[in-house]
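Text of the file target_29.txt, holding compact mmCIF, C-alpha atoms (C1' of nucleotides):
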# COMPACT_ATOMS: atom_id res chain seq x y z
CA MET U 1 4.75 0.60 -6.59
CA LYS U 2 3.87 -1.73 -3.75
CA HIS U 3 4.29 -5.47 -4.03
CA LEU U 4 1.90 -7.25 -1.72
CA SER U 5 1.66 -10.93 -0.93
CA LYS U 6 -1.16 -12.62 -2.73
CA GLU U 7 -2.64 -13.53 0.62
CA LEU U 8 -2.99 -9.86 1.53
CA VAL U 9 -4.31 -9.11 -1.92
CA GLY U 10 -6.79 -11.92 -1.49
CA ALA U 11 -7.90 -10.67 1.90
CA SER U 12 -8.27 -7.05 0.88
CA SER U 13 -9.63 -7.09 -2.63
CA ILE U 14 -13.19 -8.00 -1.74
CA PRO U 15 -13.63 -5.44 1.05
CA ILE U 16 -11.99 -2.79 -1.07
CA ILE U 17 -14.22 -3.48 -4.06
CA LEU U 18 -17.36 -3.68 -1.98
CA SER U 19 -16.43 -0.45 -0.20
CA ILE U 20 -15.90 1.40 -3.45
CA LEU U 21 -19.24 0.14 -4.74
CA SER U 22 -20.95 1.11 -1.49
CA GLN U 23 -20.16 4.72 -2.33
CA LYS U 24 -21.52 4.57 -5.85
CA GLU U 25 -21.80 2.16 -8.73
CA SER U 26 -18.67 1.81 -10.81
CA TYR U 27 -17.10 -0.13 -13.64
CA GLY U 28 -13.94 -2.19 -13.72
CA TYR U 29 -11.50 0.23 -15.20
CA GLU U 30 -12.70 3.01 -12.89
CA ILE U 31 -12.32 0.75 -9.85
CA ILE U 32 -8.70 0.19 -10.81
CA GLN U 33 -8.21 3.95 -11.08
CA LYS U 34 -9.92 4.51 -7.75
CA VAL U 35 -7.68 1.98 -6.02
CA LYS U 36 -4.62 3.62 -7.53
CA GLU U 37 -5.83 7.02 -6.37
CA ILE U 38 -6.67 5.92 -2.83
CA SER U 39 -3.27 4.31 -2.46
CA ASP U 40 -1.33 7.29 -3.83
CA ASN U 41 -0.30 5.27 -6.86
CA GLU U 42 1.20 2.54 -4.73
CA LEU U 43 -1.38 -0.13 -5.46
CA VAL U 44 -1.97 -0.93 -9.11
CA TRP U 45 -4.42 -3.70 -9.86
CA VAL U 46 -4.43 -5.36 -13.24
CA GLU U 47 -7.64 -6.23 -15.05
CA GLY U 48 -6.77 -9.90 -15.11
CA SER U 49 -6.95 -9.90 -11.35
CA LEU U 50 -9.92 -7.61 -10.93
CA TYR U 51 -12.48 -9.03 -13.33
CA PRO U 52 -12.46 -12.58 -11.98
CA VAL U 53 -13.17 -11.15 -8.54
CA LEU U 54 -16.01 -9.00 -9.88
CA HIS U 55 -17.42 -12.05 -11.61
CA LYS U 56 -17.17 -14.07 -8.45
CA LEU U 57 -18.90 -11.38 -6.37
CA GLU U 58 -21.69 -11.19 -8.94
CA LYS U 59 -22.03 -14.93 -9.00
CA ARG U 60 -22.37 -14.94 -5.23
CA GLY U 61 -25.10 -12.36 -5.45
CA TYR U 62 -23.21 -9.56 -3.68
CA ILE U 63 -23.17 -7.20 -6.69
CA VAL U 64 -25.06 -6.86 -9.90
CA SER U 65 -23.97 -5.52 -13.26
CA ASP U 66 -25.56 -3.80 -16.25
CA TRP U 67 -24.13 -2.44 -19.47
CA LYS U 68 -24.32 1.25 -20.19
CA VAL U 69 -22.92 3.46 -22.88
CA SER U 70 -20.79 6.41 -21.86
CA GLU U 71 -20.91 9.84 -23.43
CA SER U 72 -18.07 8.91 -25.78
CA GLY U 73 -19.89 5.84 -26.98
CA ARG U 74 -17.92 3.29 -24.96
CA LYS U 75 -19.76 0.36 -23.48
CA ARG U 76 -19.15 -0.03 -19.76
CA LYS U 77 -20.24 -2.74 -17.40
CA TYR U 78 -21.41 -0.96 -14.26
CA TYR U 79 -21.46 -2.86 -10.99
CA SER U 80 -23.55 -1.95 -8.00
CA LEU U 81 -23.86 -3.34 -4.52
CA LYS U 82 -26.79 -5.50 -3.50
CA ASP U 83 -28.06 -5.83 0.04
CA ALA U 84 -26.25 -9.14 0.38
CA GLY U 85 -23.06 -7.38 -0.56
CA LYS U 86 -23.58 -4.72 2.07
CA GLU U 87 -23.97 -7.41 4.68
CA VAL U 88 -20.79 -9.09 3.54
CA LEU U 89 -18.98 -5.75 3.60
CA ASP U 90 -20.14 -5.12 7.15
CA GLN U 91 -18.85 -8.52 8.17
CA GLU U 92 -15.55 -7.95 6.36
CA LYS U 93 -15.14 -4.68 8.24
CA ILE U 94 -15.75 -6.36 11.57
CA ASN U 95 -13.37 -9.18 10.77
CA TRP U 96 -10.66 -6.93 9.38
CA ASN U 97 -10.81 -4.68 12.45
CA PHE U 98 -10.81 -7.71 14.69
CA ILE U 99 -7.60 -9.05 13.14
CA ASN U 100 -6.19 -5.55 13.10
CA GLN U 101 -6.66 -5.38 16.86
CA ILE U 102 -4.73 -8.61 17.19
CA MET U 103 -1.94 -7.18 15.05
CA THR U 104 -1.94 -4.07 17.21
CA LYS U 105 -1.62 -6.15 20.34
CA LEU U 106 1.23 -8.11 18.83
CA TRP U 107 3.09 -5.21 17.32
CA ASN U 108 2.64 -2.60 19.98
CA THR U 109 3.73 -4.75 22.85
CA GLU U 110 7.34 -4.73 21.80
CA PRO U 111 9.48 -3.12 24.45
CA ASN U 112 10.61 0.49 24.18
CA LEU U 113 7.84 1.54 21.89
CA ILE U 114 5.94 3.65 24.39
CA MET R 1 -16.06 -17.78 18.34
CA LYS R 2 -15.12 -15.79 15.27
CA HIS R 3 -15.52 -17.18 11.79
CA LEU R 4 -13.14 -15.49 9.41
CA SER R 5 -12.86 -15.82 5.67
CA LYS R 6 -10.04 -18.04 4.60
CA GLU R 7 -8.56 -15.11 2.74
CA LEU R 8 -8.24 -13.16 5.97
CA VAL R 9 -6.90 -16.22 7.72
CA GLY R 10 -4.41 -16.63 4.92
CA ALA R 11 -3.30 -13.03 5.12
CA SER R 12 -2.95 -12.93 8.87
CA SER R 13 -1.60 -16.30 9.88
CA ILE R 14 1.97 -15.70 8.77
CA PRO R 15 2.40 -12.28 10.40
CA ILE R 16 0.75 -13.55 13.56
CA ILE R 17 2.97 -16.61 13.78
CA LEU R 18 6.12 -14.67 12.99
CA SER R 19 5.17 -12.03 15.56
CA ILE R 20 4.64 -14.59 18.27
CA LEU R 21 7.97 -16.18 17.46
CA SER R 22 9.69 -12.79 17.45
CA GLN R 23 8.90 -12.56 21.16
CA LYS R 24 10.26 -15.97 22.01
CA GLU R 25 10.52 -19.42 20.55
CA SER R 26 7.39 -21.51 20.82
CA TYR R 27 5.81 -24.78 19.81
CA GLY R 28 2.66 -25.46 17.84
CA TYR R 29 0.21 -26.18 20.60
CA GLU R 30 1.40 -23.16 22.57
CA ILE R 31 1.03 -20.90 19.53
CA ILE R 32 -2.59 -21.99 19.27
CA GLN R 33 -3.07 -21.13 22.94
CA LYS R 34 -1.36 -17.79 22.49
CA VAL R 35 -3.60 -16.87 19.56
CA LYS R 36 -6.65 -17.85 21.57
CA GLU R 37 -5.46 -15.73 24.48
CA ILE R 38 -4.61 -12.67 22.38
CA SER R 39 -8.01 -12.79 20.72
CA ASP R 40 -9.95 -13.21 23.97
CA ASN R 41 -10.98 -16.70 22.94
CA GLU R 42 -12.46 -15.47 19.69
CA LEU R 43 -9.88 -16.96 17.36
CA VAL R 44 -9.31 -20.68 17.67
CA TRP R 45 -6.86 -22.21 15.24
CA VAL R 46 -6.84 -25.93 14.66
CA GLU R 47 -3.64 -27.93 14.37
CA GLY R 48 -4.49 -29.04 10.87
CA SER R 49 -4.33 -25.45 9.76
CA LEU R 50 -1.39 -24.35 11.83
CA TYR R 51 1.20 -27.05 11.20
CA PRO R 52 1.18 -26.84 7.41
CA VAL R 53 1.91 -23.11 7.76
CA LEU R 54 4.73 -23.79 10.22
CA HIS R 55 6.16 -26.34 7.83
CA LYS R 56 5.92 -23.88 4.96
CA LEU R 57 7.66 -21.13 6.94
CA GLU R 58 10.43 -23.52 7.87
CA LYS R 59 10.78 -24.69 4.30
CA ARG R 60 11.12 -21.09 3.20
CA GLY R 61 13.86 -20.55 5.74
CA TYR R 62 11.96 -18.03 7.89
CA ILE R 63 11.92 -20.22 11.02
CA VAL R 64 13.80 -23.21 12.29
CA SER R 65 12.69 -26.02 14.54
CA ASP R 66 14.25 -28.39 17.04
CA TRP R 67 12.82 -31.09 19.27
CA LYS R 68 12.99 -30.68 23.01
CA VAL R 69 11.59 -32.60 25.92
CA SER R 70 9.49 -30.75 28.45
CA GLU R 71 9.61 -31.25 32.20
CA SER R 72 6.77 -33.74 31.98
CA GLY R 73 8.57 -35.79 29.39
CA ARG R 74 6.61 -34.58 26.38
CA LYS R 75 8.42 -34.05 23.13
CA ARG R 76 7.84 -30.62 21.67
CA LYS R 77 8.94 -29.14 18.39
CA TYR R 78 10.13 -25.64 19.19
CA TYR R 79 10.18 -23.06 16.41
CA SER R 80 12.29 -19.93 16.41
CA LEU R 81 12.61 -17.02 14.07
CA LYS R 82 15.53 -16.67 11.72
CA ASP R 83 16.82 -13.38 10.37
CA ALA R 84 15.02 -14.01 7.10
CA GLY R 85 11.82 -14.39 9.06
CA LYS R 86 12.35 -11.10 10.83
CA GLU R 87 12.73 -9.39 7.51
CA VAL R 88 9.56 -10.98 6.22
CA LEU R 89 7.75 -9.94 9.38
CA ASP R 90 8.91 -6.35 8.94
CA GLN R 91 7.63 -6.38 5.38
CA GLU R 92 4.33 -7.96 6.46
CA LYS R 93 3.89 -5.19 9.01
CA ILE R 94 4.51 -2.51 6.44
CA ASN R 95 2.14 -4.11 3.96
CA TRP R 96 -0.57 -4.76 6.51
CA ASN R 97 -0.41 -1.18 7.74
CA PHE R 98 -0.43 0.06 4.19
CA ILE R 99 -3.62 -1.83 3.38
CA ASN R 100 -5.05 -0.84 6.72
CA GLN R 101 -4.61 2.80 5.77
CA ILE R 102 -6.53 2.15 2.60
CA MET R 103 -9.30 0.49 4.59
CA THR R 104 -9.30 3.46 6.92
CA LYS R 105 -9.68 5.88 4.05
CA LEU R 106 -12.52 3.83 2.68
CA TRP R 107 -14.21 3.25 6.00
CA ASN R 108 -13.30 6.48 7.76
CA THR R 109 -12.46 4.69 10.93
CA GLU R 110 -9.69 5.83 13.18
CA PRO R 111 -6.66 3.68 12.58
CA ASN R 112 -6.01 1.50 15.55
CA LEU R 113 -2.28 1.89 15.37
CA ILE R 114 0.21 3.38 17.78
C1' DT I 1 -5.79 -50.26 36.29
C1' DT I 2 -8.34 -48.10 32.76
C1' DG I 3 -10.71 -44.98 29.86
C1' DA I 4 -11.43 -40.20 28.89
C1' DC I 5 -9.21 -36.17 28.05
C1' DA I 6 -5.59 -32.97 27.11
C1' DT I 7 -1.46 -32.31 24.91
C1' DA I 8 1.34 -32.58 20.63
C1' DC I 9 2.24 -33.32 15.90
C1' DT I 10 1.21 -35.01 11.03
C1' DT I 11 -0.71 -35.22 6.34
C1' DA I 12 -3.78 -36.34 2.13
C1' DG I 13 -6.89 -34.58 -0.79
C1' DA I 14 -11.02 -31.87 -2.06
C1' DA I 15 -12.19 -27.44 -3.11
C1' DG I 16 -10.90 -23.13 -4.13
C1' DT I 17 -7.77 -18.88 -5.36
C1' DT I 18 -4.42 -15.82 -7.67
C1' DC I 19 -1.65 -14.41 -11.28
C1' DT I 20 0.14 -14.39 -15.77
C1' DA I 21 -0.53 -14.15 -20.24
C1' DT I 22 -3.12 -13.44 -23.91
C1' DG I 23 -7.02 -12.15 -26.13
C1' DT I 24 -10.89 -8.95 -28.41
C1' DA I 25 -12.79 -4.39 -29.03
C1' DT I 26 -12.85 0.60 -29.71
C1' DA I 27 -12.08 5.64 -28.78
C1' DT I 28 -8.33 9.07 -28.59
C1' DT I 29 -4.17 11.26 -29.75
C1' DG I 30 -0.09 12.77 -32.10
C1' DC V 1 -2.59 5.82 -39.44
C1' DA V 2 -0.14 3.81 -35.63
C1' DA V 3 0.35 3.99 -30.82
C1' DT V 4 -1.94 4.42 -26.69
C1' DA V 5 -5.63 4.43 -23.53
C1' DT V 6 -9.80 2.59 -22.33
C1' DA V 7 -12.67 -1.58 -21.38
C1' DC V 8 -13.67 -6.33 -20.65
C1' DA V 9 -12.66 -11.36 -20.79
C1' DT V 10 -10.63 -16.02 -19.67
C1' DA V 11 -7.57 -20.37 -19.51
C1' DG V 12 -4.50 -22.68 -16.97
C1' DA V 13 -0.32 -23.16 -14.05
C1' DA V 14 0.85 -22.81 -9.54
C1' DC V 15 -0.52 -22.50 -5.17
C1' DT V 16 -3.51 -22.39 -0.65
C1' DT V 17 -6.79 -23.66 2.96
C1' DC V 18 -9.58 -26.66 5.45
C1' DT V 19 -11.41 -30.90 6.78
C1' DA V 20 -10.77 -35.09 8.37
C1' DA V 21 -8.40 -38.56 10.06
C1' DG V 22 -4.42 -40.20 11.93
C1' DT V 23 -0.43 -41.42 15.59
C1' DA V 24 1.55 -40.68 20.05
C1' DT V 25 1.73 -39.89 25.01
C1' DG V 26 1.08 -37.69 29.64
C1' DT V 27 -2.67 -36.67 33.19
C1' DC V 28 -6.51 -37.56 35.87
C1' DA V 29 -10.63 -39.40 37.90
C1' DA V 30 -13.20 -43.39 38.78

structure tokens encoding of this file:
Amino acid sequence: MKHLSKELVGASSIPIILSILSQKESYGYEIIQKVKEISDNELVWVEGSLYPVLHKLEKRGYIVSDWKVSESGRKRKYYSLKDAGKEVLDQEKINWNFINQIMTKLWNTEPNLI
Amino acid sequence: MKHLSKELVGASSIPIILSILSQKESYGYEIIQKVKEISDNELVWVEGSLYPVLHKLEKRGYIVSDWKVSESGRKRKYYSLKDAGKEVLDQEKINWNFINQIMTKLWNTEPNLI
DNA sequence: TTGACATACTTAGAAGTTCTATGTATATTG
DNA sequence: CAATATACATAGAACTTCTAAGTATGTCAA
């Protein structure tokens, strides 16, 4: 199981969450499962880290939530992306790719790589 | 000029600095110039953000500094990478690439690596 | 000679973030 | 019926980033 710096967690959690919600609405526990699945069980978020971020995104107006009841009777808080959130996601993508290009320049210029 | 979230700045500044120092020792002002150059003038760090990170890296034992005098007489604090810093850089690369793969899966973009 | 500018480094504190730990609630399973 | 999984919540300790302001000094044009 991967241990990431909290800086990298901080930089990636919002784009990851917004990306997952851009595909379809989801609830907290399912988002954690999705992240685990996407990362081949390497990345395991805990609720105590996820929910404050969801709350923050909702407070900023990027996502919105509503309670639903599942087939089994469980209450679930579903989150969905708002237009503002899509715009933020687009910007996060641009910025992430921009930094990634810088990393590529730095890391692929080492001698004897090509 | 690019405006990045402070989370992304936080996640990228250490690997960028350590990468620059893995090529050759450098001093603060030059690192800022190097970052500007690598990013095609899109990323402009300010000293007030850079030096606290340099101090932190030194305190953690990843880099070491020593004062030198340039040809023009200016005092410069040169930083160089220690073995511990190289190890951290290697781990940062792995982690960054790991998260980048996740972003790629989510965004379906071609990874810009190697 | 002088002032503006570039070079070079420093740091305090406001504002914000992450993680841990702990909590409540309830359906499922053995 | 107890353990586990599912589902959401939050306080506070520890930490981070940025802004702003600072000191210092070499260069350059007027």

Can you pull out every residue within 12 Å of Pro52 (chain U), counting only C-alpha atoms (C1' of nucleotides), but drop anything in the same chain fewer than 3 positions away, and send it as a PyMOL selection string? (chain U and resi 10+13-14+28+46-49+55-59) or (chain I and resi 17-19) or (chain V and resi 8-11)

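Between CA of Lys93 (chain R) and CA of Met103 (chain U) the interatomic distance comes to 8.6 Å.
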
Students should find that CA of Glu7 (chain U) and CA of Ala11 (chain R) are spaced 4.6 Å

With all atoms listed in the file as the basis for distance, which of R:Gln101, R:Gln23, R:Ser70, R:Ser80 is at the shortest distance from chain V?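 Closest residue, counting all atoms listed in the file: R:Ser70.
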
For CA of Leu81 (chain U) and CA of Ile63 (chain U), the interatomic separation in Å (one decimal): 4.5 Å

Fit result for chain R on chain U over all paired C-alpha atoms, given as a PDB file with C-alpha atoms, in the coordinates of the input:
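That gives us part38.pdb:
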ATOM      1  CA  MET R   1       5.489  -0.458  -6.794  1.00  0.00           C
ATOM      2  CA  LYS R   2       4.559  -2.839  -4.012  1.00  0.00           C
ATOM      3  CA  HIS R   3       4.750  -6.578  -4.438  1.00  0.00           C
ATOM      4  CA  LEU R   4       2.391  -8.301  -2.061  1.00  0.00           C
ATOM      5  CA  SER R   5       1.957 -11.976  -1.365  1.00  0.00           C
ATOM      6  CA  LYS R   6      -1.026 -13.452  -3.081  1.00  0.00           C
ATOM      7  CA  GLU R   7      -2.396 -14.392   0.307  1.00  0.00           C
ATOM      8  CA  LEU R   8      -2.483 -10.748   1.335  1.00  0.00           C
ATOM      9  CA  VAL R   9      -3.938  -9.807  -2.014  1.00  0.00           C
ATOM     10  CA  GLY R  10      -6.548 -12.486  -1.541  1.00  0.00           C
ATOM     11  CA  ALA R  11      -7.434 -11.283   1.923  1.00  0.00           C
ATOM     12  CA  SER R  12      -7.642  -7.628   1.032  1.00  0.00           C
ATOM     13  CA  SER R  13      -9.153  -7.481  -2.417  1.00  0.00           C
ATOM     14  CA  ILE R  14     -12.718  -8.210  -1.372  1.00  0.00           C
ATOM     15  CA  PRO R  15     -12.886  -5.712   1.503  1.00  0.00           C
ATOM     16  CA  ILE R  16     -11.201  -3.089  -0.643  1.00  0.00           C
ATOM     17  CA  ILE R  17     -13.590  -3.577  -3.541  1.00  0.00           C
ATOM     18  CA  LEU R  18     -16.645  -3.664  -1.313  1.00  0.00           C
ATOM     19  CA  SER R  19     -15.449  -0.537   0.495  1.00  0.00           C
ATOM     20  CA  ILE R  20     -14.974   1.366  -2.719  1.00  0.00           C
ATOM     21  CA  LEU R  21     -18.420   0.333  -3.874  1.00  0.00           C
ATOM     22  CA  SER R  22     -19.935   1.309  -0.526  1.00  0.00           C
ATOM     23  CA  GLN R  23     -19.000   4.903  -1.335  1.00  0.00           C
ATOM     24  CA  LYS R  24     -20.528   4.885  -4.780  1.00  0.00           C
ATOM     25  CA  GLU R  25     -21.045   2.578  -7.697  1.00  0.00           C
ATOM     26  CA  SER R  26     -18.037   2.125  -9.930  1.00  0.00           C
ATOM     27  CA  TYR R  27     -16.691   0.206 -12.882  1.00  0.00           C
ATOM     28  CA  GLY R  28     -13.660  -2.030 -13.159  1.00  0.00           C
ATOM     29  CA  TYR R  29     -11.159   0.313 -14.707  1.00  0.00           C
ATOM     30  CA  GLU R  30     -12.096   3.070 -12.271  1.00  0.00           C
ATOM     31  CA  ILE R  31     -11.702   0.724  -9.300  1.00  0.00           C
ATOM     32  CA  ILE R  32      -8.165   0.002 -10.452  1.00  0.00           C
ATOM     33  CA  GLN R  33      -7.503   3.739 -10.629  1.00  0.00           C
ATOM     34  CA  LYS R  34      -9.027   4.278  -7.213  1.00  0.00           C
ATOM     35  CA  VAL R  35      -6.843   1.588  -5.651  1.00  0.00           C
ATOM     36  CA  LYS R  36      -3.786   3.109  -7.277  1.00  0.00           C
ATOM     37  CA  GLU R  37      -4.743   6.533  -5.958  1.00  0.00           C
ATOM     38  CA  ILE R  38      -5.485   5.366  -2.411  1.00  0.00           C
ATOM     39  CA  SER R  39      -2.160   3.564  -2.245  1.00  0.00           C
ATOM     40  CA  ASP R  40      -0.133   6.484  -3.611  1.00  0.00           C
ATOM     41  CA  ASN R  41       0.651   4.514  -6.743  1.00  0.00           C
ATOM     42  CA  GLU R  42       2.083   1.637  -4.760  1.00  0.00           C
ATOM     43  CA  LEU R  43      -0.663  -0.872  -5.448  1.00  0.00           C
ATOM     44  CA  VAL R  44      -1.441  -1.531  -9.084  1.00  0.00           C
ATOM     45  CA  TRP R  45      -4.064  -4.153  -9.789  1.00  0.00           C
ATOM     46  CA  VAL R  46      -4.325  -5.697 -13.213  1.00  0.00           C
ATOM     47  CA  GLU R  47      -7.647  -6.345 -14.908  1.00  0.00           C
ATOM     48  CA  GLY R  48      -6.991 -10.052 -15.080  1.00  0.00           C
ATOM     49  CA  SER R  49      -6.977 -10.161 -11.320  1.00  0.00           C
ATOM     50  CA  LEU R  50      -9.770  -7.727 -10.676  1.00  0.00           C
ATOM     51  CA  TYR R  51     -12.537  -8.919 -12.982  1.00  0.00           C
ATOM     52  CA  PRO R  52     -12.641 -12.514 -11.767  1.00  0.00           C
ATOM     53  CA  VAL R  53     -13.135 -11.151  -8.236  1.00  0.00           C
ATOM     54  CA  LEU R  54     -15.900  -8.820  -9.414  1.00  0.00           C
ATOM     55  CA  HIS R  55     -17.564 -11.725 -11.161  1.00  0.00           C
ATOM     56  CA  LYS R  56     -17.282 -13.848  -8.037  1.00  0.00           C
ATOM     57  CA  LEU R  57     -18.783 -11.125  -5.837  1.00  0.00           C
ATOM     58  CA  GLU R  58     -21.655 -10.723  -8.254  1.00  0.00           C
ATOM     59  CA  LYS R  59     -22.202 -14.453  -8.408  1.00  0.00           C
ATOM     60  CA  ARG R  60     -22.367 -14.541  -4.633  1.00  0.00           C
ATOM     61  CA  GLY R  61     -24.977 -11.813  -4.663  1.00  0.00           C
ATOM     62  CA  TYR R  62     -22.854  -9.171  -2.903  1.00  0.00           C
ATOM     63  CA  ILE R  63     -22.832  -6.740  -5.850  1.00  0.00           C
ATOM     64  CA  VAL R  64     -24.839  -6.215  -8.978  1.00  0.00           C
ATOM     65  CA  SER R  65     -23.818  -4.850 -12.337  1.00  0.00           C
ATOM     66  CA  ASP R  66     -25.425  -2.992 -15.212  1.00  0.00           C
ATOM     67  CA  TRP R  67     -24.078  -1.633 -18.476  1.00  0.00           C
ATOM     68  CA  LYS R  68     -24.089   2.085 -19.074  1.00  0.00           C
ATOM     69  CA  VAL R  69     -22.702   4.307 -21.767  1.00  0.00           C
ATOM     70  CA  SER R  70     -20.406   7.128 -20.763  1.00  0.00           C
ATOM     71  CA  GLU R  71     -20.421  10.612 -22.242  1.00  0.00           C
ATOM     72  CA  SER R  72     -17.743   9.596 -24.715  1.00  0.00           C
ATOM     73  CA  GLY R  73     -19.754   6.650 -25.909  1.00  0.00           C
ATOM     74  CA  ARG R  74     -17.835   3.974 -24.032  1.00  0.00           C
ATOM     75  CA  LYS R  75     -19.726   1.076 -22.567  1.00  0.00           C
ATOM     76  CA  ARG R  76     -18.996   0.551 -18.903  1.00  0.00           C
ATOM     77  CA  LYS R  77     -20.124  -2.159 -16.548  1.00  0.00           C
ATOM     78  CA  TYR R  78     -21.074  -0.401 -13.337  1.00  0.00           C
ATOM     79  CA  TYR R  79     -21.071  -2.391 -10.108  1.00  0.00           C
ATOM     80  CA  SER R  80     -22.990  -1.454  -6.996  1.00  0.00           C
ATOM     81  CA  LEU R  81     -23.220  -2.920  -3.554  1.00  0.00           C
ATOM     82  CA  LYS R  82     -26.197  -4.942  -2.449  1.00  0.00           C
ATOM     83  CA  ASP R  83     -27.337  -5.304   1.140  1.00  0.00           C
ATOM     84  CA  ALA R  84     -25.697  -8.711   1.323  1.00  0.00           C
ATOM     85  CA  GLY R  85     -22.456  -7.086   0.280  1.00  0.00           C
ATOM     86  CA  LYS R  86     -22.726  -4.482   2.998  1.00  0.00           C
ATOM     87  CA  GLU R  87     -23.123  -7.207   5.550  1.00  0.00           C
ATOM     88  CA  VAL R  88     -20.102  -9.030   4.214  1.00  0.00           C
ATOM     89  CA  LEU R  89     -18.120  -5.803   4.283  1.00  0.00           C
ATOM     90  CA  ASP R  90     -19.080  -5.216   7.911  1.00  0.00           C
ATOM     91  CA  GLN R  91     -17.933  -8.717   8.773  1.00  0.00           C
ATOM     92  CA  GLU R  92     -14.696  -8.263   6.807  1.00  0.00           C
ATOM     93  CA  LYS R  93     -14.001  -5.095   8.769  1.00  0.00           C
ATOM     94  CA  ILE R  94     -14.553  -6.827  12.066  1.00  0.00           C
ATOM     95  CA  ASN R  95     -12.373  -9.759  11.076  1.00  0.00           C
ATOM     96  CA  TRP R  96      -9.616  -7.613   9.640  1.00  0.00           C
ATOM     97  CA  ASN R  97      -9.519  -5.472  12.763  1.00  0.00           C
ATOM     98  CA  PHE R  98      -9.553  -8.562  14.906  1.00  0.00           C
ATOM     99  CA  ILE R  99      -6.512 -10.004  13.151  1.00  0.00           C
ATOM    100  CA  ASN R 100      -4.907  -6.598  13.142  1.00  0.00           C
ATOM    101  CA  GLN R 101      -5.164  -6.525  16.921  1.00  0.00           C
ATOM    102  CA  ILE R 102      -3.401  -9.847  17.052  1.00  0.00           C
ATOM    103  CA  MET R 103      -0.665  -8.511  14.790  1.00  0.00           C
ATOM    104  CA  THR R 104      -0.404  -5.480  17.025  1.00  0.00           C
ATOM    105  CA  LYS R 105       0.015  -7.621  20.103  1.00  0.00           C
ATOM    106  CA  LEU R 106       2.677  -9.627  18.362  1.00  0.00           C
ATOM    107  CA  TRP R 107       4.448  -6.669  16.835  1.00  0.00           C
ATOM    108  CA  ASN R 108       3.796  -4.072  19.516  1.00  0.00           C
ATOM    109  CA  THR R 109       2.965  -1.452  16.985  1.00  0.00           C
ATOM    110  CA  GLU R 110       0.351   1.157  17.612  1.00  0.00           C
ATOM    111  CA  PRO R 111      -2.821   0.162  15.848  1.00  0.00           C
ATOM    112  CA  ASN R 112      -3.492   2.476  12.986  1.00  0.00           C
ATOM    113  CA  LEU R 113      -7.197   2.595  13.587  1.00  0.00           C
ATOM    114  CA  ILE R 114      -9.506   5.436  14.495  1.00  0.00           C
TER     115      ILE R 114
END

Neighbour list for DG16 (chain I) as number ranges by chain, cut-off 12 Å, all atoms listed in the file, skip fewer than 6 positions in-chain: U: 56; R: 6-7; V: 15-18

Given the choices R:Leu43, R:Val88, R:Leu50, R:Ile32, which gets closest to chain V if the distance is worked out from only C-alpha atoms (C1' of nucleotides)?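 Comparing R:Leu43, R:Val88, R:Leu50, R:Ile32 against chain V, the winner is R:Leu50.
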
Who sits within 9 Å of DG26 (chain V), only C-alpha atoms (C1' of nucleotides), same chain under 6 positions skipped, as a VMD selection string: (chain R and resid 72 to 74) or (chain I and resid 6 to 7)

Select residues of chain R: the criterion is any atom within 10 Å of an atom of chain U, counting only C-alpha atoms; output as number ranges by chain. R: 2-16, 19-20, 22-23, 35, 38-40, 42-43, 91-107, 109, 111-114

Please return region 34-44 of chain U, rebuilt to N, CA and C atoms, as a PDB file, keeping the file's coordinate frame.
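Saved file selection-v7.pdb follows:
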ATOM      1  N   LYS U  34      -9.593   4.091  -9.098  1.00  0.00           N
ATOM      2  CA  LYS U  34      -9.920   4.510  -7.750  1.00  0.00           C
ATOM      3  C   LYS U  34      -8.934   3.913  -6.749  1.00  0.00           C
ATOM      4  N   VAL U  35      -8.614   2.643  -6.925  1.00  0.00           N
ATOM      5  CA  VAL U  35      -7.680   1.980  -6.020  1.00  0.00           C
ATOM      6  C   VAL U  35      -6.308   2.640  -6.111  1.00  0.00           C
ATOM      7  N   LYS U  36      -5.916   2.960  -7.328  1.00  0.00           N
ATOM      8  CA  LYS U  36      -4.620   3.620  -7.530  1.00  0.00           C
ATOM      9  C   LYS U  36      -4.617   4.973  -6.830  1.00  0.00           C
ATOM     10  N   GLU U  37      -5.713   5.692  -6.964  1.00  0.00           N
ATOM     11  CA  GLU U  37      -5.830   7.020  -6.370  1.00  0.00           C
ATOM     12  C   GLU U  37      -5.798   6.954  -4.852  1.00  0.00           C
ATOM     13  N   ILE U  38      -6.599   6.051  -4.281  1.00  0.00           N
ATOM     14  CA  ILE U  38      -6.670   5.920  -2.830  1.00  0.00           C
ATOM     15  C   ILE U  38      -5.313   5.567  -2.235  1.00  0.00           C
ATOM     16  N   SER U  39      -4.540   4.803  -3.004  1.00  0.00           N
ATOM     17  CA  SER U  39      -3.270   4.310  -2.460  1.00  0.00           C
ATOM     18  C   SER U  39      -2.097   5.193  -2.877  1.00  0.00           C
ATOM     19  N   ASP U  40      -2.402   6.394  -3.384  1.00  0.00           N
ATOM     20  CA  ASP U  40      -1.330   7.290  -3.830  1.00  0.00           C
ATOM     21  C   ASP U  40      -0.419   6.598  -4.837  1.00  0.00           C
ATOM     22  N   ASN U  41      -1.026   5.940  -5.768  1.00  0.00           N
ATOM     23  CA  ASN U  41      -0.300   5.270  -6.860  1.00  0.00           C
ATOM     24  C   ASN U  41       0.582   4.118  -6.423  1.00  0.00           C
ATOM     25  N   GLU U  42       0.372   3.654  -5.202  1.00  0.00           N
ATOM     26  CA  GLU U  42       1.200   2.540  -4.730  1.00  0.00           C
ATOM     27  C   GLU U  42       0.610   1.184  -5.097  1.00  0.00           C
ATOM     28  N   LEU U  43      -0.719   1.137  -5.206  1.00  0.00           N
ATOM     29  CA  LEU U  43      -1.380  -0.130  -5.460  1.00  0.00           C
ATOM     30  C   LEU U  43      -1.981  -0.084  -6.861  1.00  0.00           C
ATOM     31  N   VAL U  44      -1.460  -0.924  -7.735  1.00  0.00           N
ATOM     32  CA  VAL U  44      -1.970  -0.930  -9.110  1.00  0.00           C
ATOM     33  C   VAL U  44      -2.495  -2.328  -9.428  1.00  0.00           C
TER      34      VAL U  44
END
